[in-house]
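Only one structure is covered here, and it is reproduced in the block below.
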Amino acid sequence: MDWQAIWLSLRLSFWTTVILLAVGMPAAYWLTFSRRRWKFLVEAVVALPLVLPPTVLGFYILLAIGPHSPVGKVYAAVTGGMLPFSFQGLLVASVLYSLPFAVQPFAAGFLAVDRKLIEASWCLGVSRRATFFRVIVPLSVPAIVTGMILSFAHTLGEFGVVLMVGGNLAGLTRTVSIAIYDDVEALNYGTALETSLVLLGVSFVVLAATYGLRRRVWPVWPPS
Amino acid sequence: MAAELTVDIRKRFDGGPEIAAALRLPLAGPAVMVLFGPSGAGKTTVLRAIAGLETPDSGAVRCGDEVWFDGTRGFNLPPQKRRVGYLAQDYAVFPHLTVARNVAYANRNLEVHGWLARFGLSELAGRYPRQLSRGQLQKVALARALAAQPRLVLLDEPLSALDAPTRTRLRTDLRELLAGLQVPAIVVTHDRTEALALGDSIAVMIDGMLRQAGSVEAVFDHPADADVADAVGVETVCPAQVVARGEGLLTLDIAGARLVAVDIAELRHPNVFVCIRAESVTLEQAAGANPTSARNHLPARIVSVIPEGPLARVTLDCGFPLTAVVTRRSGEELHLREGERVVAVVKATSIRVVPRG
């Protein structure tokens, strides 16, 4: 079994989830509460990874972060390295690829928070930012956890985007799904089966946790 | 000039009527203004505009020398900076926080236990909102709003979410609480009894327009037009004092005249409003002409007789103003004319007493 690939996939999923938590919460807040007319355009862009073939998305990301792109040049100037075919490049791609899996549950959770509670907090003199952390986030915990779990699971299983952006470098960009593909190509069916089982097990546990969480009655407040 | 809240705003929602309201409220000391009107009259919108939760289309809101909203400059002070205690209709108590943490939400330096005790909430400090009754939730919301030391308190239909017996009890509680505040309050309600029980002054809104504002007695007794009269109802409303209480009856003093009414459980103070529907007043030519079961026989002078189709509206002076409605024929048989003396007969059970606290 390719433990190196499993470890790499877990690390990639973990950091993708952490970044999506930091990026996705403000994005979801903006999508939920902004009154801009062109908000629907942003919603469509965020949802694009749901419908685009991963290879198309990966191809664009590869072009966007390549050494001749503005992003690539800035990255090279700051770090001296290159984004394509690196763990960091993979991370950028994964964040974009899993964006809707975080933002959409977050936004649905924020939207479900009773507007009156938010207004009550404002009238009590509490700023919008503090209201977000003291009222909206605590009341959206199930939705936030759902978004995090989905991001984690989605990143764990990605293939096309990784192949386009990261290639297949052992310990650097060879994730579980690519390792399995390699094994099958080389007719190592036994190894492929073992690695697949691990992926299947992890995915099932993660999804079961998500659905179980949704059903659970939160002891602190009524599921309204 | 004493500081006051001045509101003069217009707002139109898609497909709705334009809401226009102009009102003033002195900011010194406790004074309760009731914003009264039927459902959908735009009362809540006005309240939300004062709280800063709604942006009017035009006009201005000022609090003392502070500008809260100025339509010409497009300026709207955020609700955080207005120091207004706003109580939404369903109280909006934070469901994920205990009573103690709800109350201390805005003011972390609050001496929570003392504060909870003031509102009779000490026992509930560790409870979550879902374990509370609606009456308790209201107290928590009030305690929370007042802990932030507001300059003005706004209450949107504070009693409408309660069942009838609780409402009657809490009405008196609320009046005492509001009267004990150091700040003025605006209470939105569509309930006449609530308006009478809670308000020092009243502003009547109908179809988005603020139609009349003044003291409770003035508006109830002299509605500006037929719509306002219709909204406030056609009753005689008079301030009165309870002078005796016993055997399930109250003896009331209204400007020297004595009335007997049925006792009410929620009475705690001698100050009350007395409401008598014009339809419940019977007129007689002389006292004791016929034996009746009615407890109240009031000698009166007729001030005016106004024909209304088959009926006649008779305004009387029995030491306090009283209105009766009789059929035209009865009016003719009794020779009801301005200046004549009659006796107004009112059953004790027809007199509604609203406690004032």
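How things are named: the first chain in the structure tokens is A, the next is B, and so on; residues count from 1 in each chain; ligands count from 1 in the order shown.
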Can you check which residues of range 133-228 of chain B DSSP gives as strand (DSSP E) on the backbone and send them as a PDB file with N, CA and C atoms, in the first residue's frame?
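Okay, part14.pdb is ready:
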ATOM      1  N   LEU B 152     -33.460  55.056  24.674  1.00  0.00           N
ATOM      2  CA  LEU B 152     -34.832  54.986  24.200  1.00  0.00           C
ATOM      3  C   LEU B 152     -35.138  53.499  24.053  1.00  0.00           C
ATOM      4  N   VAL B 153     -36.349  53.108  24.423  1.00  0.00           N
ATOM      5  CA  VAL B 153     -36.725  51.702  24.300  1.00  0.00           C
ATOM      6  C   VAL B 153     -37.859  51.580  23.285  1.00  0.00           C
ATOM      7  N   LEU B 154     -37.722  50.630  22.367  1.00  0.00           N
ATOM      8  CA  LEU B 154     -38.743  50.404  21.351  1.00  0.00           C
ATOM      9  C   LEU B 154     -39.278  48.994  21.510  1.00  0.00           C
ATOM     10  N   LEU B 155     -40.594  48.855  21.627  1.00  0.00           N
ATOM     11  CA  LEU B 155     -41.181  47.529  21.791  1.00  0.00           C
ATOM     12  C   LEU B 155     -42.208  47.285  20.690  1.00  0.00           C
ATOM     13  N   ASP B 156     -41.996  46.214  19.937  1.00  0.00           N
ATOM     14  CA  ASP B 156     -42.901  45.885  18.845  1.00  0.00           C
ATOM     15  C   ASP B 156     -43.886  44.818  19.312  1.00  0.00           C
ATOM     16  N   ALA B 185     -40.164  55.318  26.092  1.00  0.00           N
ATOM     17  CA  ALA B 185     -40.371  54.099  25.311  1.00  0.00           C
ATOM     18  C   ALA B 185     -41.432  54.351  24.244  1.00  0.00           C
ATOM     19  N   ILE B 186     -41.286  53.660  23.125  1.00  0.00           N
ATOM     20  CA  ILE B 186     -42.339  53.646  22.115  1.00  0.00           C
ATOM     21  C   ILE B 186     -42.824  52.211  22.001  1.00  0.00           C
ATOM     22  N   VAL B 187     -44.127  52.020  22.154  1.00  0.00           N
ATOM     23  CA  VAL B 187     -44.698  50.680  22.108  1.00  0.00           C
ATOM     24  C   VAL B 187     -45.640  50.588  20.916  1.00  0.00           C
ATOM     25  N   VAL B 188     -45.394  49.621  20.039  1.00  0.00           N
ATOM     26  CA  VAL B 188     -46.291  49.390  18.912  1.00  0.00           C
ATOM     27  C   VAL B 188     -47.347  48.377  19.322  1.00  0.00           C
ATOM     28  N   THR B 189     -48.602  48.691  19.072  1.00  0.00           N
ATOM     29  CA  THR B 189     -49.648  47.716  19.358  1.00  0.00           C
ATOM     30  C   THR B 189     -50.869  47.959  18.468  1.00  0.00           C
ATOM     31  N   SER B 201     -48.968  58.803  25.914  1.00  0.00           N
ATOM     32  CA  SER B 201     -49.475  59.470  24.728  1.00  0.00           C
ATOM     33  C   SER B 201     -49.652  58.408  23.656  1.00  0.00           C
ATOM     34  N   ILE B 202     -50.368  58.779  22.611  1.00  0.00           N
ATOM     35  CA  ILE B 202     -50.681  57.798  21.589  1.00  0.00           C
ATOM     36  C   ILE B 202     -50.577  58.447  20.213  1.00  0.00           C
ATOM     37  N   ALA B 203     -50.060  57.683  19.256  1.00  0.00           N
ATOM     38  CA  ALA B 203     -50.015  58.144  17.874  1.00  0.00           C
ATOM     39  C   ALA B 203     -50.726  57.082  17.049  1.00  0.00           C
ATOM     40  N   VAL B 204     -51.712  57.497  16.268  1.00  0.00           N
ATOM     41  CA  VAL B 204     -52.540  56.539  15.530  1.00  0.00           C
ATOM     42  C   VAL B 204     -52.097  56.493  14.073  1.00  0.00           C
ATOM     43  N   MET B 205     -51.775  55.290  13.611  1.00  0.00           N
ATOM     44  CA  MET B 205     -51.381  55.103  12.212  1.00  0.00           C
ATOM     45  C   MET B 205     -52.429  54.277  11.499  1.00  0.00           C
ATOM     46  N   ILE B 206     -52.831  54.737  10.313  1.00  0.00           N
ATOM     47  CA  ILE B 206     -53.774  53.979   9.489  1.00  0.00           C
ATOM     48  C   ILE B 206     -53.276  54.015   8.060  1.00  0.00           C
ATOM     49  N   MET B 209     -50.189  56.047   7.172  1.00  0.00           N
ATOM     50  CA  MET B 209     -50.117  57.464   7.537  1.00  0.00           C
ATOM     51  C   MET B 209     -50.312  57.636   9.035  1.00  0.00           C
ATOM     52  N   LEU B 210     -49.505  58.502   9.617  1.00  0.00           N
ATOM     53  CA  LEU B 210     -49.726  58.864  11.001  1.00  0.00           C
ATOM     54  C   LEU B 210     -50.829  59.919  11.026  1.00  0.00           C
ATOM     55  N   ARG B 211     -51.963  59.575  11.621  1.00  0.00           N
ATOM     56  CA  ARG B 211     -53.141  60.410  11.472  1.00  0.00           C
ATOM     57  C   ARG B 211     -53.368  61.348  12.651  1.00  0.00           C
ATOM     58  N   GLN B 212     -53.024  60.900  13.845  1.00  0.00           N
ATOM     59  CA  GLN B 212     -53.275  61.760  15.004  1.00  0.00           C
ATOM     60  C   GLN B 212     -52.342  61.364  16.128  1.00  0.00           C
ATOM     61  N   ALA B 213     -51.862  62.349  16.861  1.00  0.00           N
ATOM     62  CA  ALA B 213     -51.022  62.072  18.014  1.00  0.00           C
ATOM     63  C   ALA B 213     -51.446  62.992  19.146  1.00  0.00           C
ATOM     64  N   GLY B 214     -51.374  62.497  20.358  1.00  0.00           N
ATOM     65  CA  GLY B 214     -51.764  63.319  21.507  1.00  0.00           C
ATOM     66  C   GLY B 214     -51.861  62.453  22.735  1.00  0.00           C
ATOM     67  N   SER B 215     -52.424  63.014  23.820  1.00  0.00           N
ATOM     68  CA  SER B 215     -52.585  62.221  25.027  1.00  0.00           C
ATOM     69  C   SER B 215     -53.631  61.138  24.757  1.00  0.00           C
TER      70      SER B 215
END
(message) Which residues are close to range 118-134 of chain A, i.e. within 7 Å by only C-alpha atoms, leaving aside same-chain residues fewer than 6 positions away? Reply as a ChimeraX atom specification.
(response) /B:79-81,83-86,92,106,145,148
(request) Work out how far apart CA of Glu332 in chain B and CA of Arg277 in chain B are and give it in Å to one decimal. (result)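 The value is 21.7 Å.
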(message) Residues near range 122-135 of chain B, anyone? I mean within 9 Å using only C-alpha atoms, not counting same-chain ones fewer than 3 positions away, as a VMD selection string.
(response) (chain A and resid 220 to 222) or (chain B and resid 90 to 91 93 to 101 112 to 119 138 to 140 159 161 to 162 166 to 167 170)
Range 18-20 of chain B surroundings by only C-alpha atoms, 6 Å radius, close-in-sequence under 4 positions cut, as an mmCIF file with C-alpha atoms, in the first residue's frame:
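Writing done, so here's part-v9.cif:
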data_model
loop_
_atom_site.group_PDB
_atom_site.id
_atom_site.type_symbol
_atom_site.label_atom_id
_atom_site.label_comp_id
_atom_site.auth_asym_id
_atom_site.auth_seq_id
_atom_site.Cartn_x
_atom_site.Cartn_y
_atom_site.Cartn_z
ATOM 1 C CA ILE B 9 -39.974 59.778 7.339
ATOM 2 C CA ARG B 10 -41.380 58.268 4.182
ATOM 3 C CA LYS B 11 -40.855 54.750 2.921
ATOM 4 C CA ARG B 12 -42.444 52.706 0.180
ATOM 5 C CA GLY B 208 -49.223 53.961 6.372
ATOM 6 C CA MET B 209 -50.117 57.464 7.537
#
(message) Residues within 12 Å of Leu10 in chain A, please, as a PyMOL selection string. Count only C-alpha atoms; anything in the same chain fewer than 3 positions from it doesn't count.
(response) chain A and resi 3-7+13-17+91+151-158+174-177+198-199+202-203
Restricting the output to N, CA and C atoms, write the selected residues as a compact mmCIF listing (two decimals), in the first residue's frame.
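selection-v8.txt, written as the output of this step:
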# COMPACT_ATOMS: atom_id res chain seq x y z
N TRP A 3 1.47 4.23 1.49
CA TRP A 3 1.22 5.08 2.66
C TRP A 3 1.63 6.53 2.41
N GLN A 4 2.70 6.66 1.61
CA GLN A 4 3.16 8.02 1.31
C GLN A 4 2.05 8.83 0.63
N ALA A 5 1.37 8.18 -0.35
CA ALA A 5 0.30 8.87 -1.08
C ALA A 5 -0.88 9.16 -0.16
N ILE A 6 -1.20 8.19 0.72
CA ILE A 6 -2.32 8.41 1.64
C ILE A 6 -2.00 9.59 2.56
N TRP A 7 -0.79 9.61 3.09
CA TRP A 7 -0.38 10.69 3.98
C TRP A 7 -0.43 12.03 3.26
N SER A 13 -5.83 17.43 2.05
CA SER A 13 -7.23 17.65 2.44
C SER A 13 -7.31 18.53 3.68
N PHE A 14 -6.41 18.27 4.64
CA PHE A 14 -6.45 19.04 5.88
C PHE A 14 -6.21 20.52 5.60
N TRP A 15 -5.13 20.81 4.87
CA TRP A 15 -4.80 22.22 4.63
C TRP A 15 -5.83 22.90 3.72
N THR A 16 -6.38 22.13 2.77
CA THR A 16 -7.44 22.69 1.92
C THR A 16 -8.64 23.10 2.78
N THR A 17 -8.99 22.22 3.72
CA THR A 17 -10.13 22.51 4.60
C THR A 17 -9.87 23.74 5.46
N LEU A 91 -2.35 22.73 -3.57
CA LEU A 91 -3.21 23.31 -2.55
C LEU A 91 -4.09 24.41 -3.16
N SER A 151 -15.61 19.44 2.12
CA SER A 151 -14.38 19.93 1.49
C SER A 151 -13.27 18.89 1.65
N PHE A 152 -13.15 18.38 2.86
CA PHE A 152 -12.12 17.39 3.15
C PHE A 152 -12.29 16.16 2.26
N ALA A 153 -13.53 15.65 2.22
CA ALA A 153 -13.79 14.42 1.46
C ALA A 153 -13.61 14.65 -0.04
N HIS A 154 -14.06 15.79 -0.50
CA HIS A 154 -13.95 16.09 -1.93
C HIS A 154 -12.50 16.19 -2.36
N THR A 155 -11.67 16.81 -1.51
CA THR A 155 -10.24 16.95 -1.84
C THR A 155 -9.55 15.58 -1.83
N LEU A 156 -9.98 14.77 -0.87
CA LEU A 156 -9.38 13.43 -0.74
C LEU A 156 -9.56 12.64 -2.04
N GLY A 157 -10.68 12.83 -2.72
CA GLY A 157 -10.98 12.01 -3.89
C GLY A 157 -10.64 12.65 -5.21
N GLU A 158 -10.04 13.86 -5.23
CA GLU A 158 -9.85 14.52 -6.51
C GLU A 158 -8.75 13.84 -7.35
N ARG A 174 1.90 13.09 -5.69
CA ARG A 174 1.18 11.84 -6.00
C ARG A 174 0.19 11.56 -4.88
N THR A 175 -1.10 11.87 -5.13
CA THR A 175 -2.14 11.65 -4.14
C THR A 175 -2.67 10.23 -4.25
N VAL A 176 -3.58 9.87 -3.37
CA VAL A 176 -4.10 8.51 -3.31
C VAL A 176 -4.69 8.08 -4.65
N SER A 177 -5.54 8.95 -5.20
CA SER A 177 -6.24 8.54 -6.42
C SER A 177 -5.26 8.32 -7.57
N VAL A 198 -8.86 1.72 1.65
CA VAL A 198 -8.61 2.76 2.65
C VAL A 198 -9.40 4.01 2.28
N LEU A 199 -9.35 4.40 1.00
CA LEU A 199 -10.05 5.59 0.55
C LEU A 199 -11.56 5.44 0.73
N VAL A 202 -12.36 5.69 4.52
CA VAL A 202 -12.28 7.07 5.03
C VAL A 202 -13.46 7.88 4.51
N SER A 203 -13.77 7.74 3.21
CA SER A 203 -14.87 8.51 2.63
C SER A 203 -16.19 8.17 3.29
(request) One decimal, Å: what's the distance from CA of Val260 in chain B over to CA of Ala348 in chain B, could you say? (result)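 About the pair CA of Val260 in chain B and CA of Ala348 in chain B: they are 5.5 Å apart.
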Based on the backbone DSSP call, show me all residues of range 178-276 of chain B assigned alpha helix (DSSP H), as a short mmCIF file (atom, residue, chain, number, x, y, z; two decimals) with C-alpha atoms, in the first residue's frame.
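out.cif written:
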data_model
loop_
_atom_site.label_atom_id
_atom_site.label_comp_id
_atom_site.auth_asym_id
_atom_site.auth_seq_id
_atom_site.Cartn_x
_atom_site.Cartn_y
_atom_site.Cartn_z
CA LEU B 178 -41.77 51.11 31.72
CA ALA B 179 -42.90 53.68 34.26
CA ARG B 192 -56.84 49.06 22.28
CA THR B 193 -56.64 47.79 25.83
CA GLU B 194 -52.87 47.64 25.56
CA ALA B 195 -52.78 51.17 24.18
CA LEU B 196 -54.86 52.41 27.11
CA ALA B 197 -52.96 50.45 29.71
CA LEU B 198 -49.45 51.31 28.56
CA VAL B 216 -54.48 58.94 25.32
CA GLU B 217 -57.65 60.65 26.59
CA ALA B 218 -57.53 63.31 23.90
CA VAL B 219 -57.18 60.84 21.03
CA PHE B 220 -59.77 58.38 22.36
CA ASP B 221 -62.32 61.06 23.19
CA ALA B 226 -63.86 59.02 11.16
CA ASP B 227 -60.96 56.64 10.36
CA VAL B 228 -59.23 57.38 13.64
CA ALA B 229 -62.54 57.05 15.48
CA ASP B 230 -63.03 53.69 13.80
CA ALA B 231 -59.53 52.55 14.76
CA VAL B 232 -59.71 53.62 18.41
#
(message) What's around Cys238 in chain B at 12 Å? Count only C-alpha atoms, leave out sequence neighbours fewer than 3 positions away in its own chain, and write the answer as a count of residues only.
(response) 36
(request) Kindly indicate which residue among A:Leu207, A:Leu187, A:Leu117, A:Leu163 lies nearest to chain B, using only C-alpha atoms for the distances. (result)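 Looking at the shortest contact to chain B, the residue is A:Leu117.
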(request) For CA of Pro67 in chain A and CA of Phe85 in chain A, determine how far apart the two atoms are, in Å to one decimal place. (result)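 Rounded to one decimal, the two atoms are 11.2 Å apart.
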